[in-house]
Amino acid sequence: MILDTETAEKLCAFLTDETGYAVILENAVPLAGGASREMLLLDLRIDGFPGKYVLRCDPPTQMNERALTRAQEFAVMQGAYEAGIRIAKPCWSCEDTSVLGSPFFIMDYVEGMSIGRKVVSAPELAQARAVLPQQMAEELAKIHTLPMDNFDFLPTPRPVYSSARDAIAMCYEVLDALKVSNPALEVALRWADRHAPAVESWTFVHGDFRIGNLIVNGEGLAAVADWEFCHVGDPDEDLGYPCMRDWRFGVGHLRFGGISDREAFLTAYEGASGRAANRQSVEFWEILGNIRWGVICLSQANRHLSGRESGVELASLGRRSAEMQLEALRLIQQFGG
Amino acid sequence: MYDRPDVSELIDAVRQHLERQVIPAIKGDAKLYFQTLVAANVLKIALRDLALSGDHLQSAWERLNDLHGEIILIPANQQEAVMEMQARNRSLCTTVRAGEWDAPDHMNALIVMALANTVDALAAANPKFLTAIQEELQQRS
C-alpha cells in the first residue's frame, strides 16, 4: 500500500461523499505510467462490492502549459465515453487539494498492456497487432468528431496562427527560453515554417494518439488513454504523430507505430471518417512531431538542469533529442526540401 | 597529472557498481529499477562523450567552415573552442531564423551539415539507434 492511513481515510471519505456508500480502500499500488503523471491502481470495496480502479493525479510541476488540468481531462474523457469511444470509464474527479495534495480523478481499470515496447513485440499480442491499425483508425475517426464546443477550455491555436504555425511558435519559444542555439532544430523549424499546410480544417485533436498511450489486450484496442494534450487543431496531426519513429518502439521499418505500414492505417481512417487524409500534410505532421518532441526533450532535461526537480531520467532526455533531430532532418531530405 | 583511476575509469567503476551490485538488488522496485538502468546508461553516454567529443568538436568546426566557405582556426584551448563553437552556432541560428538560408542550395547544405552533427551526437548518446536506422535504410534501398 503506497498511501498512508490518513490519506487513505481522506480518499475513502471523498468517495463515500461521491457515491453515497461505504468505501474501503483495500490496496493501492503505483502503475507504470509516463514520466509526467502519477497513476495508482486501487482496490476499492464500494458498498461491499470489490472493484479495480485507476487514480490519476498531478505531479508537483507541470510538463507543459498547454496540458489540460485533471478536471479538464476528466471532462473530456466523460465526453469521449458518452460518444462510445473505447476508453476507461471516468468515475470521480476531485479538485479539492486537501484530499491528496493535488487534483486527481479516478477511472475504471482496464486490463491490458500499454508499454509500447511490449505492444509492438509481445508474441501473445500478434493477433492484436493485426487488427490494431483498423481499430485505432475507427476510434480516431470518432475522436475527431467530438464536439469542440462542449469543451470550451481546449487549447486553440492563437489568433492568426494555423495549428501547425502555433506548434512551431511554441518550439521557438521553448528554444529561446532555454537559450538553445541548435542548428539542426533551427533548420528543421525553418523548413516546417515554410512547408506548413496552407489549409487546415480544425477538429477535436487527441494530441498524444500513439502506441504506448493505448491499452491493448488479446483482441486489440481496449482503451485510448492519456487525454491531457487534447486541443483544437488539424486532425492530420493525429495521423502523422503515431508514425513517428520513437513511437515505433524499435520496430523501425513498420512506419505506423511499429505495427503496420502507414497506408493501411490511413486507408482505414479514411473509410471510418469519410474524410480524405492529405498524405503530404500527414507527412508534415510526422516531421513536426519529431521536431517538437526533440524540443520537448530539451525542456524536460531542463526541469532537472534548472534545479527545480532532480531526476536522472529527465536529465537523460536531453541527449535523446538528437534522435528526433536526425529523424526530422532525414524525413525533410526525403520530402524534397 | 592525477593518480589512476582516470576520469573514464572512475565513471566506469560506478557503472559497474550499478550494473553488478545495485540493479540486481532492486528488481522488486519497478520505478527505482528503471531509473537505475537509465542511470547506468547515462554513465555509458558520459564515457562515449569523453572519448568522442574532442574529435566531434573539431569536425563540427570544420563543417561550419565549409558551410560558410571560410577558414577560421579552432582555438587550441578546449574550453575556448567550445565557447567559440557555441557563439558560431548562435549566429548561424539567428540567420537561419531570419530566412537567410532559404535558397534551396543553402538549405540543403545546411541540412547535410546538421545531419552530420546529429550523427556525431548519436555516436555518443545512442550508437544502437544509429546502427538500427542505418541497417533499416540499407535494407530498404
# chains A, B, ... in the order shown; residues from 1 in each chain; ligands from 1

$ interface_residues --of "chain A" --to "chain B" --cutoff "6 Å" --atoms "only C-alpha atoms" --output "compact mmCIF listing (two decimals) with all heavy atoms, in the first residue's frame"
# COMPACT_ATOMS: atom_id res chain seq x y z
N SER A 181 20.87 27.23 -28.96
CA SER A 181 21.13 27.50 -30.38
C SER A 181 21.56 26.21 -31.03
O SER A 181 22.73 25.86 -31.01
CB SER A 181 22.24 28.55 -30.52
OG SER A 181 21.85 29.75 -29.90
N PRO A 183 21.55 24.27 -34.52
CA PRO A 183 21.30 24.42 -35.96
C PRO A 183 20.37 23.35 -36.52
O PRO A 183 19.57 23.65 -37.43
CB PRO A 183 22.69 24.33 -36.58
CG PRO A 183 23.63 24.74 -35.49
CD PRO A 183 22.99 24.24 -34.22
N ALA A 184 20.43 22.13 -36.02
CA ALA A 184 19.57 21.06 -36.55
C ALA A 184 18.10 21.39 -36.30
O ALA A 184 17.27 21.31 -37.21
CB ALA A 184 19.95 19.72 -35.91
N ARG A 319 19.81 14.16 -24.04
CA ARG A 319 20.64 13.52 -25.05
C ARG A 319 19.83 12.66 -26.02
O ARG A 319 20.37 12.10 -26.96
CB ARG A 319 21.73 12.68 -24.37
CG ARG A 319 22.75 13.51 -23.61
CD ARG A 319 23.59 14.37 -24.55
NE ARG A 319 24.63 15.06 -23.84
CZ ARG A 319 25.94 14.75 -23.91
NH1 ARG A 319 26.34 13.77 -24.69
NH2 ARG A 319 26.83 15.43 -23.22
N ALA A 322 18.68 14.33 -30.03
CA ALA A 322 19.37 14.12 -31.31
C ALA A 322 18.69 13.03 -32.16
O ALA A 322 18.74 13.08 -33.39
CB ALA A 322 20.84 13.77 -31.08
N LEU A 326 17.69 13.90 -35.93
CA LEU A 326 18.15 13.12 -37.08
C LEU A 326 16.95 12.67 -37.92
O LEU A 326 16.95 12.80 -39.16
CB LEU A 326 18.94 11.90 -36.62
CG LEU A 326 19.42 11.00 -37.77
CD1 LEU A 326 20.87 11.32 -38.13
CD2 LEU A 326 19.29 9.54 -37.43

$ residues_around --residues "Glu270 (chain A)" --least-positions-apart "4" --cutoff "10 Å" --atoms "only C-alpha atoms" --output "ChimeraX atom specification"
/A:137-138,141,265-266,274-277

$ closest_atom_pairs --of "region 81-193 of chain A" --to "region 227-243 of chain A" --cutoff "6 Å" --atoms "only C-alpha atoms" --output "JSON lines"
{"residue": "A:Leu154", "atom": "CA", "partner": "A:His231", "partner_atom": "CA", "distance": 5.1}
{"residue": "A:Pro155", "atom": "CA", "partner": "A:His231", "partner_atom": "CA", "distance": 4.9}
{"residue": "A:Thr156", "atom": "CA", "partner": "A:Val232", "partner_atom": "CA", "distance": 5.0}
{"residue": "A:Ser163", "atom": "CA", "partner": "A:Gly233", "partner_atom": "CA", "distance": 5.3}

$ write_last_selection --atoms "N, CA and C atoms" --output "compact mmCIF listing (two decimals), in the first residue's frame"
# COMPACT_ATOMS: atom_id res chain seq x y z
N LEU A 154 -10.49 23.84 -24.19
CA LEU A 154 -9.46 23.21 -25.02
C LEU A 154 -8.51 24.25 -25.60
N PRO A 155 -7.19 24.01 -25.50
CA PRO A 155 -6.24 24.93 -26.13
C PRO A 155 -6.54 25.04 -27.63
N THR A 156 -6.50 26.26 -28.14
CA THR A 156 -6.81 26.54 -29.53
C THR A 156 -5.66 27.36 -30.10
N SER A 163 -2.75 25.77 -36.83
CA SER A 163 -2.32 24.94 -35.71
C SER A 163 -0.87 24.50 -35.90

$ closest_residue --among "B:Ser53, B:Ser141, B:Gln21, B:Gln58" --to "Glu84 (chain B)" --atoms "only C-alpha atoms"
B:Gln58

$ atom_distance --atom1 "CA of Gln325 (chain A)" --atom2 "CA of Ala188 (chain A)"
7.9 Å

$ residues_around --residues "Lys10 (chain A)" --least-positions-apart "5" --cutoff "12 Å" --atoms "only C-alpha atoms" --output "PyMOL selection string"
chain A and resi 3-5+15-17+23-25+94+96-101

$ residues_around --residues "Val29 (chain A)" --least-positions-apart "2" --cutoff "7 Å" --atoms "only C-alpha atoms" --output "list in words"
Met1, Ile2, Asn27, Leu31, Leu40, Leu41 and Leu42 of chain A

$ residues_around --residues "region 119-132 of chain A" --least-positions-apart "2" --cutoff "10 Å" --atoms "only C-alpha atoms" --output "PyMOL selection string"
chain A and resi 112-117+134-138+211-212+214-222+247-251+254+257-260+265

$ atom_distance --atom1 "CA of Ile46 (chain A)" --atom2 "CA of Ala88 (chain A)"
18.3 Å

$ select_by_dssp --residues "chain B" --states "helix (DSSP H, G or I)" --output "PyMOL selection string"
chain B and resi 7-25+30-68+78-97+104-125+127-140
